[in-house]
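The block underneath contains the structure these notes are about, expressed in structure tokens.
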Amino acid sequence: MKRAFLQMAAAFLAAVLLFPCRAEAISARSAILLDAATGRVLYEQDADCRSLIASTTKIMTALVVCEQCNVLDRMKIPKEAVGIEGSSMYLKEGEVLALQELLYGLMLSSGNDAAVALAIYCAGTVEGFAGLMNDKARMLGMKNTHFVNPNGLDAPDHYSTARDLAVLAAYAMENPVFRTTVSAKTVSLPGRSLKNHNRLLWMVDGADGVKTGYTKAAGRILVSSAIREGRRLVAVTIHDGNDWEDHKVLLEDGFSRYRVRTVVRKGQVLGQVEVEGGQEGTVPLLAAEEFSCSLTEEEQPEILFSPPGFVYAPVAEGQNAGMANVMLDGKPMGRIPMVYGQTVERKQEEKKRFWMFFWKEET
């Protein structure tokens with residue numbers, strides 16, 4: 001699953017698929033709406049502008065902890081994690097909590113102290129943990145992102161973009177521990193009662209994540225996720241004073257106007273190519289895998305490819321036959337590997353009969 005996601009993310013980051021959404025009045029400086037399953041961008045607005053990202057940083061913090069640590073482990077809170085400025089779950093030096101409890105404090109209450117505690121447990125130091133965060137960002141192809149701390153407190157070299165945050169959130173929501181954490185509306189812990197700051201969990205049908213963020217310099221930042229009928233959309237807005245309503249508009253528009261449709265089925269004949277020196281004159285080209293994407297009812301993609309003028313026999317059924325491109329209004333949507341649909345053997349030269357060696361033509 002991770003490999004499939006990374007292939008999708010690479011295609012998404014390499015070739016932006018920009019198609020208009022009806023979100024005509026988004027007030028954010030930067031915004032994006034992503035179909036997480038197909039990688040299609042349904043809406044974007046200055047999505048590659050580097051910005052401070054405040055507590056949406058904690059998406060990466062939680063993801064790294066979920067992947068690197070056993071969240072059932074318990075830790076004693078060090079003094080370095082107590083009294084951190086900004087939002088807090090009010091940790092006390094020496095108290096013992098499970099990592100999962102700290103994750104709830106991190107993602108529901110946006111605890112900057114929980115972020116430091118988790119970073120120290122996972123990597124030994126905040127600086128070391130920031131290195132793990134940047135390693136993960138590189139692995140996900142987040143080219144316009146850099147972290148220097150686990151909580152998102154403003155720093156000159158701490159930034160990301162709406163596009164990178166969308167890729168991160170879509171990937172993180174595949175992790176069941178992460179997903180369970182960010183979708184919780186309220187959690188009761190010993191001595192603490194936590195309520196999720198993400199209002200969309202109550203406002204939007206299917207909303208299940210992911211994180212709010214705010215500092216005076218960064219403005220209001222929101223990363224959200226919603227799933228309906230197995231289809232997940234991720235929205236990101238940066239520096240948006242009307243983020244709750246903007247996300248509601250983006251998500252509702254994405255679900256109402258777009259449906260995942262199968263464009264090509266595995267084994268579908270896409271064309272044919274001539275075979276030179278073969279027992280058959282042509283060989284069919286088949287789609288090696290299914291291709292689906294989010295489309296409106298009006299959109300009709302094209303399948304284009306440039307086959308060679310011919311191929312030499314022999315050709316083996318299932319052998320790689322190149323790639324086909326899925327295009328919509330002249331823009332690339334994806335690529336489909338092709339294979340040959342049958343085996344074509346080489347023509348056998350007609351064997352001369354034995355008596356022909358002794359026959360001499362009369363003159």
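By order in the structure tokens, chains are A, B, ...; within a chain, residues start at 1; ligands start at 1, following the order shown.
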Per-residue nearest contacts of region 31-65 of chain A to region 230-252 of chain A (7 Å; only C-alpha atoms) as CSV:
```
residue,atom,partner,partner_atom,distance
A:Ala31,CA,A:Thr237,CA,4.3
A:Ile32,CA,A:Val236,CA,5.4
A:Leu33,CA,A:Ala235,CA,4.5
A:Leu34,CA,A:Val234,CA,5.2
A:Asp35,CA,A:Leu233,CA,4.7
A:Ala36,CA,A:Arg232,CA,5.6
A:Ala37,CA,A:Arg232,CA,6.6
```
Output of the above residues as a PDB file, in the first residue's frame, restricted to C-alpha atoms:
```pdb
ATOM      1  CA  ALA A  31      -5.509  26.114  -0.883  1.00  0.00           C
ATOM      2  CA  ILE A  32      -5.861  22.676  -2.424  1.00  0.00           C
ATOM      3  CA  LEU A  33      -8.420  19.867  -2.666  1.00  0.00           C
ATOM      4  CA  LEU A  34      -6.990  16.419  -3.390  1.00  0.00           C
ATOM      5  CA  ASP A  35      -8.654  13.116  -4.175  1.00  0.00           C
ATOM      6  CA  ALA A  36      -6.432  10.914  -2.008  1.00  0.00           C
ATOM      7  CA  ALA A  37      -7.103   7.661  -3.860  1.00  0.00           C
TER       8      ALA A  37
END
```
Skip region 260-274 of chain A itself and residues of its chain fewer than 3 positions away, then list as a PDB file with all heavy atoms, in the first residue's frame all residues within 8 Å of it, counting only C-alpha atoms.
```pdb
ATOM      1  N   GLY A 281      -0.028 -11.221 -38.520  1.00  0.00           N
ATOM      2  CA  GLY A 281       0.401  -9.916 -39.015  1.00  0.00           C
ATOM      3  C   GLY A 281       0.368  -8.813 -37.975  1.00  0.00           C
ATOM      4  O   GLY A 281       1.090  -7.817 -38.100  1.00  0.00           O
ATOM      5  N   THR A 282      -0.473  -8.979 -36.949  1.00  0.00           N
ATOM      6  CA  THR A 282      -0.586  -7.969 -35.899  1.00  0.00           C
ATOM      7  C   THR A 282      -0.717  -8.651 -34.547  1.00  0.00           C
ATOM      8  O   THR A 282      -1.025  -9.841 -34.446  1.00  0.00           O
ATOM      9  CB  THR A 282      -1.812  -7.058 -36.121  1.00  0.00           C
ATOM     10  OG1 THR A 282      -3.002  -7.858 -36.076  1.00  0.00           O
ATOM     11  CG2 THR A 282      -1.722  -6.319 -37.447  1.00  0.00           C
ATOM     12  N   VAL A 283      -0.512  -7.859 -33.497  1.00  0.00           N
ATOM     13  CA  VAL A 283      -0.692  -8.352 -32.132  1.00  0.00           C
ATOM     14  C   VAL A 283      -1.422  -7.265 -31.340  1.00  0.00           C
ATOM     15  O   VAL A 283      -1.119  -6.075 -31.478  1.00  0.00           O
ATOM     16  CB  VAL A 283       0.653  -8.694 -31.463  1.00  0.00           C
ATOM     17  CG1 VAL A 283       1.573  -7.489 -31.365  1.00  0.00           C
ATOM     18  CG2 VAL A 283       0.444  -9.314 -30.093  1.00  0.00           C
ATOM     19  N   PRO A 284      -2.442  -7.641 -30.533  1.00  0.00           N
ATOM     20  CA  PRO A 284      -3.174  -6.627 -29.760  1.00  0.00           C
ATOM     21  C   PRO A 284      -2.356  -6.120 -28.578  1.00  0.00           C
ATOM     22  O   PRO A 284      -1.528  -6.844 -28.010  1.00  0.00           O
ATOM     23  CB  PRO A 284      -4.428  -7.376 -29.286  1.00  0.00           C
ATOM     24  CG  PRO A 284      -4.030  -8.813 -29.265  1.00  0.00           C
ATOM     25  CD  PRO A 284      -3.031  -8.986 -30.383  1.00  0.00           C
ATOM     26  N   LEU A 285      -2.618  -4.873 -28.196  1.00  0.00           N
ATOM     27  CA  LEU A 285      -2.005  -4.254 -27.028  1.00  0.00           C
ATOM     28  C   LEU A 285      -3.067  -4.142 -25.940  1.00  0.00           C
ATOM     29  O   LEU A 285      -4.117  -3.537 -26.149  1.00  0.00           O
ATOM     30  CB  LEU A 285      -1.462  -2.866 -27.371  1.00  0.00           C
ATOM     31  CG  LEU A 285      -0.433  -2.813 -28.507  1.00  0.00           C
ATOM     32  CD1 LEU A 285      -0.089  -1.363 -28.839  1.00  0.00           C
ATOM     33  CD2 LEU A 285       0.815  -3.588 -28.139  1.00  0.00           C
ATOM     34  N   LEU A 286      -2.789  -4.720 -24.769  1.00  0.00           N
ATOM     35  CA  LEU A 286      -3.752  -4.760 -23.681  1.00  0.00           C
ATOM     36  C   LEU A 286      -3.292  -3.904 -22.507  1.00  0.00           C
ATOM     37  O   LEU A 286      -2.092  -3.764 -22.257  1.00  0.00           O
ATOM     38  CB  LEU A 286      -3.950  -6.193 -23.178  1.00  0.00           C
ATOM     39  CG  LEU A 286      -4.258  -7.273 -24.204  1.00  0.00           C
ATOM     40  CD1 LEU A 286      -4.501  -8.597 -23.488  1.00  0.00           C
ATOM     41  CD2 LEU A 286      -5.446  -6.900 -25.067  1.00  0.00           C
ATOM     42  N   ALA A 287      -4.256  -3.342 -21.775  1.00  0.00           N
ATOM     43  CA  ALA A 287      -3.938  -2.632 -20.531  1.00  0.00           C
ATOM     44  C   ALA A 287      -3.500  -3.645 -19.485  1.00  0.00           C
ATOM     45  O   ALA A 287      -4.200  -4.635 -19.231  1.00  0.00           O
ATOM     46  CB  ALA A 287      -5.156  -1.860 -20.044  1.00  0.00           C
ATOM     47  N   ALA A 288      -2.345  -3.406 -18.869  1.00  0.00           N
ATOM     48  CA  ALA A 288      -1.817  -4.339 -17.871  1.00  0.00           C
ATOM     49  C   ALA A 288      -2.465  -4.152 -16.508  1.00  0.00           C
ATOM     50  O   ALA A 288      -2.346  -5.008 -15.635  1.00  0.00           O
ATOM     51  CB  ALA A 288      -0.301  -4.179 -17.753  1.00  0.00           C
ATOM     52  N   GLU A 289      -3.144  -3.018 -16.300  1.00  0.00           N
ATOM     53  CA  GLU A 289      -3.802  -2.774 -15.024  1.00  0.00           C
ATOM     54  C   GLU A 289      -4.966  -1.810 -15.224  1.00  0.00           C
ATOM     55  O   GLU A 289      -5.064  -1.137 -16.254  1.00  0.00           O
ATOM     56  CB  GLU A 289      -2.828  -2.208 -13.994  1.00  0.00           C
ATOM     57  CG  GLU A 289      -2.148  -0.929 -14.416  1.00  0.00           C
ATOM     58  CD  GLU A 289      -1.029  -0.502 -13.472  1.00  0.00           C
ATOM     59  OE1 GLU A 289      -0.244  -1.373 -13.052  1.00  0.00           O
ATOM     60  OE2 GLU A 289      -0.966   0.707 -13.168  1.00  0.00           O
ATOM     61  N   GLU A 290      -5.849  -1.768 -14.229  1.00  0.00           N
ATOM     62  CA  GLU A 290      -7.003  -0.868 -14.295  1.00  0.00           C
ATOM     63  C   GLU A 290      -6.565   0.559 -13.991  1.00  0.00           C
ATOM     64  O   GLU A 290      -5.633   0.783 -13.225  1.00  0.00           O
ATOM     65  CB  GLU A 290      -8.054  -1.330 -13.289  1.00  0.00           C
ATOM     66  CG  GLU A 290      -9.327  -0.525 -13.293  1.00  0.00           C
ATOM     67  CD  GLU A 290     -10.357  -1.085 -12.327  1.00  0.00           C
ATOM     68  OE1 GLU A 290     -10.981  -2.115 -12.631  1.00  0.00           O
ATOM     69  OE2 GLU A 290     -10.508  -0.468 -11.244  1.00  0.00           O
ATOM     70  N   PHE A 291      -7.263   1.518 -14.598  1.00  0.00           N
ATOM     71  CA  PHE A 291      -7.002   2.920 -14.291  1.00  0.00           C
ATOM     72  C   PHE A 291      -8.324   3.595 -13.979  1.00  0.00           C
ATOM     73  O   PHE A 291      -9.261   3.568 -14.782  1.00  0.00           O
ATOM     74  CB  PHE A 291      -6.328   3.637 -15.466  1.00  0.00           C
ATOM     75  CG  PHE A 291      -6.011   5.082 -15.186  1.00  0.00           C
ATOM     76  CD1 PHE A 291      -4.825   5.442 -14.577  1.00  0.00           C
ATOM     77  CD2 PHE A 291      -6.923   6.085 -15.507  1.00  0.00           C
ATOM     78  CE1 PHE A 291      -4.536   6.776 -14.297  1.00  0.00           C
ATOM     79  CE2 PHE A 291      -6.650   7.411 -15.239  1.00  0.00           C
ATOM     80  CZ  PHE A 291      -5.449   7.758 -14.634  1.00  0.00           C
ATOM     81  N   SER A 292      -8.412   4.211 -12.792  1.00  0.00           N
ATOM     82  CA  SER A 292      -9.600   4.938 -12.376  1.00  0.00           C
ATOM     83  C   SER A 292      -9.194   6.337 -11.932  1.00  0.00           C
ATOM     84  O   SER A 292      -8.070   6.545 -11.460  1.00  0.00           O
ATOM     85  CB  SER A 292     -10.304   4.224 -11.214  1.00  0.00           C
ATOM     86  OG  SER A 292     -10.712   2.928 -11.595  1.00  0.00           O
ATOM     87  N   CYS A 293     -10.111   7.286 -12.042  1.00  0.00           N
ATOM     88  CA  CYS A 293      -9.832   8.634 -11.570  1.00  0.00           C
ATOM     89  C   CYS A 293     -11.147   9.358 -11.298  1.00  0.00           C
ATOM     90  O   CYS A 293     -12.225   8.892 -11.672  1.00  0.00           O
ATOM     91  CB  CYS A 293      -8.976   9.412 -12.555  1.00  0.00           C
ATOM     92  SG  CYS A 293      -9.778   9.722 -14.129  1.00  0.00           S
ATOM     93  N   SER A 294     -11.041  10.494 -10.618  1.00  0.00           N
ATOM     94  CA  SER A 294     -12.209  11.304 -10.299  1.00  0.00           C
ATOM     95  C   SER A 294     -12.583  12.148 -11.509  1.00  0.00           C
ATOM     96  O   SER A 294     -11.750  12.872 -12.051  1.00  0.00           O
ATOM     97  CB  SER A 294     -11.908  12.218  -9.109  1.00  0.00           C
ATOM     98  OG  SER A 294     -11.658  11.457  -7.958  1.00  0.00           O
ATOM     99  N   LEU A 295     -13.851  12.070 -11.909  1.00  0.00           N
ATOM    100  CA  LEU A 295     -14.317  12.784 -13.083  1.00  0.00           C
ATOM    101  C   LEU A 295     -15.720  13.331 -12.844  1.00  0.00           C
ATOM    102  O   LEU A 295     -16.501  12.750 -12.088  1.00  0.00           O
ATOM    103  CB  LEU A 295     -14.364  11.842 -14.299  1.00  0.00           C
ATOM    104  CG  LEU A 295     -13.038  11.262 -14.784  1.00  0.00           C
ATOM    105  CD1 LEU A 295     -13.293  10.104 -15.731  1.00  0.00           C
ATOM    106  CD2 LEU A 295     -12.195  12.331 -15.462  1.00  0.00           C
ATOM    107  N   PRO A 301     -12.071  11.238 -20.717  1.00  0.00           N
ATOM    108  CA  PRO A 301     -10.634  11.146 -21.007  1.00  0.00           C
ATOM    109  C   PRO A 301     -10.357  10.394 -22.314  1.00  0.00           C
ATOM    110  O   PRO A 301     -11.174   9.599 -22.781  1.00  0.00           O
ATOM    111  CB  PRO A 301     -10.085  10.363 -19.809  1.00  0.00           C
ATOM    112  CG  PRO A 301     -11.153  10.419 -18.774  1.00  0.00           C
ATOM    113  CD  PRO A 301     -12.450  10.515 -19.504  1.00  0.00           C
ATOM    114  N   ILE A 303      -7.395   7.940 -24.394  1.00  0.00           N
ATOM    115  CA  ILE A 303      -6.245   7.055 -24.213  1.00  0.00           C
ATOM    116  C   ILE A 303      -5.362   7.214 -25.436  1.00  0.00           C
ATOM    117  O   ILE A 303      -5.767   6.899 -26.562  1.00  0.00           O
ATOM    118  CB  ILE A 303      -6.673   5.577 -24.060  1.00  0.00           C
ATOM    119  CG1 ILE A 303      -7.786   5.448 -23.024  1.00  0.00           C
ATOM    120  CG2 ILE A 303      -5.466   4.724 -23.698  1.00  0.00           C
ATOM    121  CD1 ILE A 303      -7.410   5.918 -21.650  1.00  0.00           C
ATOM    122  N   PRO A 307       2.595   3.745 -30.593  1.00  0.00           N
ATOM    123  CA  PRO A 307       3.239   2.445 -30.764  1.00  0.00           C
ATOM    124  C   PRO A 307       4.319   2.519 -31.825  1.00  0.00           C
ATOM    125  O   PRO A 307       4.269   3.387 -32.715  1.00  0.00           O
ATOM    126  CB  PRO A 307       2.088   1.549 -31.219  1.00  0.00           C
ATOM    127  CG  PRO A 307       1.154   2.478 -31.905  1.00  0.00           C
ATOM    128  CD  PRO A 307       1.248   3.771 -31.155  1.00  0.00           C
ATOM    129  N   PRO A 308       5.308   1.635 -31.783  1.00  0.00           N
ATOM    130  CA  PRO A 308       6.304   1.602 -32.856  1.00  0.00           C
ATOM    131  C   PRO A 308       5.629   1.202 -34.161  1.00  0.00           C
ATOM    132  O   PRO A 308       4.532   0.647 -34.172  1.00  0.00           O
ATOM    133  CB  PRO A 308       7.287   0.528 -32.365  1.00  0.00           C
ATOM    134  CG  PRO A 308       6.474  -0.336 -31.449  1.00  0.00           C
ATOM    135  CD  PRO A 308       5.496   0.581 -30.783  1.00  0.00           C
ATOM    136  N   GLY A 309       6.274   1.502 -35.306  1.00  0.00           N
ATOM    137  CA  GLY A 309       5.699   1.135 -36.586  1.00  0.00           C
ATOM    138  C   GLY A 309       5.454  -0.357 -36.701  1.00  0.00           C
ATOM    139  O   GLY A 309       4.485  -0.790 -37.333  1.00  0.00           O
ATOM    140  N   PHE A 310       6.333  -1.124 -36.063  1.00  0.00           N
ATOM    141  CA  PHE A 310       6.181  -2.580 -36.062  1.00  0.00           C
ATOM    142  C   PHE A 310       7.081  -3.157 -34.987  1.00  0.00           C
ATOM    143  O   PHE A 310       7.935  -2.455 -34.431  1.00  0.00           O
ATOM    144  CB  PHE A 310       6.547  -3.178 -37.438  1.00  0.00           C
ATOM    145  CG  PHE A 310       7.983  -2.937 -37.833  1.00  0.00           C
ATOM    146  CD1 PHE A 310       8.990  -3.843 -37.482  1.00  0.00           C
ATOM    147  CD2 PHE A 310       8.340  -1.795 -38.528  1.00  0.00           C
ATOM    148  CE1 PHE A 310      10.310  -3.617 -37.836  1.00  0.00           C
ATOM    149  CE2 PHE A 310       9.664  -1.565 -38.880  1.00  0.00           C
ATOM    150  CZ  PHE A 310      10.645  -2.475 -38.537  1.00  0.00           C
ATOM    151  N   VAL A 311       6.877  -4.423 -34.696  1.00  0.00           N
ATOM    152  CA  VAL A 311       7.773  -5.163 -33.800  1.00  0.00           C
ATOM    153  C   VAL A 311       8.191  -6.431 -34.513  1.00  0.00           C
ATOM    154  O   VAL A 311       7.467  -6.936 -35.384  1.00  0.00           O
ATOM    155  CB  VAL A 311       7.104  -5.497 -32.455  1.00  0.00           C
ATOM    156  CG1 VAL A 311       6.828  -4.239 -31.657  1.00  0.00           C
ATOM    157  CG2 VAL A 311       5.839  -6.307 -32.635  1.00  0.00           C
TER     158      VAL A 311
END
```
Need the shell around Leu189 (chain A): protein/DNA/RNA residues with any atom at most 12 Å away, counting only C-alpha atoms. Skip same-chain ones fewer than 2 positions apart. Format as a list in words?
Met89, Leu97, Ala98, Gln100, Glu101, Leu102, Leu103, Tyr104, Gly105, Thr186, Val187, Gly191, Arg192, Ser193, Leu194 and Lys195 of chain A
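Proximity to Pro150 (chain A) at 8 Å, evaluated using only C-alpha atoms and with sequence-adjacent residues fewer than 5 positions away removed, yields Thr57, Lys58, Met60, Thr61, Ala115, Val116, Ala119, Val126, Phe129 and Ala130 of chain A.
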Got a sec: who's within 6 Å of Ala321 (chain A), counting only C-alpha atoms, leaving out chain neighbours fewer than 2 positions off, as a list in words?
Met338, Val339 and Tyr340 of chain A
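Residue nearest Lys216 (chain A), chosen from A:Met327, A:Ala54, A:Glu85, A:Ile26 and counting only C-alpha atoms: A:Ala54.
For the atom pair formed by CA of Cys49 (chain A) and CA of Thr161 (chain A), the distance is 5.6 Å, given to one decimal.
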For the structure I just gave you, how does DSSP split region 114-314 of chain A - specifically, which residues are strand (DSSP E)? Reply as a ChimeraX atom specification.
/A:186-189,192-195,207-215,219-228,231-238,259-264,269-276,282-287,291-295,302-304,310-312
Set the distance at 9 Å and use only C-alpha atoms: which residues neighbour Cys122 (chain A) once local chain neighbours fewer than 2 positions away are removed? I'd like the list as a PyMOL selection string.
chain A and resi 64-65+68-69+117-120+124-125+128-129
Residue subset to file, keeping all heavy atoms, as a compact mmCIF listing (two decimals), in the first residue's frame:
```
# COMPACT_ATOMS: atom_id res chain seq x y z
N VAL A 64 5.41 10.18 12.31
CA VAL A 64 6.71 9.59 12.62
C VAL A 64 6.63 8.73 13.88
O VAL A 64 7.16 7.62 13.93
CB VAL A 64 7.79 10.68 12.76
CG1 VAL A 64 9.10 10.09 13.28
CG2 VAL A 64 8.03 11.38 11.42
N VAL A 65 5.93 9.21 14.90
CA VAL A 65 5.78 8.42 16.13
C VAL A 65 5.01 7.14 15.85
O VAL A 65 5.40 6.05 16.32
CB VAL A 65 5.06 9.26 17.21
CG1 VAL A 65 4.70 8.38 18.41
CG2 VAL A 65 5.95 10.42 17.65
N GLN A 68 7.47 4.85 13.99
CA GLN A 68 8.76 4.52 14.60
C GLN A 68 8.64 3.88 15.98
O GLN A 68 9.57 3.23 16.45
CB GLN A 68 9.61 5.79 14.72
CG GLN A 68 9.94 6.46 13.41
CD GLN A 68 11.17 5.88 12.74
OE1 GLN A 68 11.95 5.19 13.36
NE2 GLN A 68 11.33 6.15 11.47
N CYS A 69 7.49 4.07 16.65
CA CYS A 69 7.37 3.66 18.05
C CYS A 69 6.15 2.77 18.27
O CYS A 69 5.23 2.74 17.45
CB CYS A 69 7.24 4.89 18.95
SG CYS A 69 8.58 6.09 18.79
N ALA A 117 7.69 15.98 24.22
CA ALA A 117 7.83 14.70 24.93
C ALA A 117 7.96 13.55 23.94
O ALA A 117 8.84 12.67 24.08
CB ALA A 117 6.63 14.48 25.86
N LEU A 118 7.10 13.50 22.94
CA LEU A 118 7.15 12.43 21.94
C LEU A 118 8.45 12.47 21.14
O LEU A 118 9.03 11.42 20.84
CB LEU A 118 5.95 12.55 21.00
CG LEU A 118 4.59 12.16 21.61
CD1 LEU A 118 3.45 12.65 20.72
CD2 LEU A 118 4.50 10.65 21.82
N ALA A 119 8.91 13.67 20.80
CA ALA A 119 10.15 13.79 20.05
C ALA A 119 11.33 13.25 20.84
O ALA A 119 12.18 12.51 20.31
CB ALA A 119 10.39 15.25 19.68
N ILE A 120 11.40 13.58 22.12
CA ILE A 120 12.50 13.12 22.96
C ILE A 120 12.45 11.60 23.13
O ILE A 120 13.48 10.91 23.06
CB ILE A 120 12.47 13.83 24.33
CG1 ILE A 120 12.83 15.31 24.14
CG2 ILE A 120 13.41 13.16 25.33
CD1 ILE A 120 12.65 16.14 25.39
N GLY A 124 15.45 10.94 21.10
CA GLY A 124 16.43 11.36 22.09
C GLY A 124 16.52 12.85 22.26
O GLY A 124 16.71 13.35 23.37
N THR A 125 16.38 13.59 21.15
CA THR A 125 16.42 15.06 21.20
C THR A 125 15.42 15.62 20.20
O THR A 125 15.03 14.94 19.23
CB THR A 125 17.82 15.61 20.82
OG1 THR A 125 18.10 15.27 19.46
CG2 THR A 125 18.91 15.05 21.73
N GLY A 128 17.17 15.75 16.81
CA GLY A 128 17.22 14.44 16.16
C GLY A 128 15.87 14.06 15.57
O GLY A 128 15.79 13.47 14.49
N PHE A 129 14.80 14.40 16.28
CA PHE A 129 13.47 14.08 15.77
C PHE A 129 13.15 14.91 14.53
O PHE A 129 12.53 14.40 13.59
CB PHE A 129 12.42 14.34 16.86
CG PHE A 129 11.05 13.85 16.48
CD1 PHE A 129 10.72 12.51 16.60
CD2 PHE A 129 10.09 14.74 16.01
CE1 PHE A 129 9.45 12.05 16.25
CE2 PHE A 129 8.82 14.29 15.66
CZ PHE A 129 8.51 12.95 15.78
```
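When the distance limit is 12 Å and only C-alpha atoms are what count, the residues near Leu328 (chain A), minus those fewer than 2 positions from it on the same chain, are Leu17, Leu18, Phe19, Arg40, Val263, Cys293, Ser294, Leu295, Thr296, Glu298, Glu299, Gln300, Pro301, Glu302, Ile303, Leu304, Asn325, Val326, Gly330, Lys331, Pro332, Met333 and Gly334 of chain A.
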Would you please give, as JSON, numbers by chain, all residues of region 203-363 of chain A that DSSP assigns to alpha helix (DSSP H) based on the backbone?
{"A": [203, 243, 244, 245, 246, 247, 248, 249, 250, 251, 252, 253, 254, 255, 256, 257]}
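From CA of Val182 (chain A) back to CA of Ala170 (chain A), the distance works out to 12.8 Å.
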Which of A:Met107, A:Ala169, A:Ala162, A:Leu42 sits closest to Ser55 (chain A) [using only C-alpha atoms]
A:Met107
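Across the model, the gap from CA of Gly209 (chain A) to CA of Phe178 (chain A) is 9.5 Å.
Among the candidates A:Leu106, A:Met323, A:Val344, A:Ala123, the one nearest to Thr212 (chain A) when counting only C-alpha atoms is A:Leu106.
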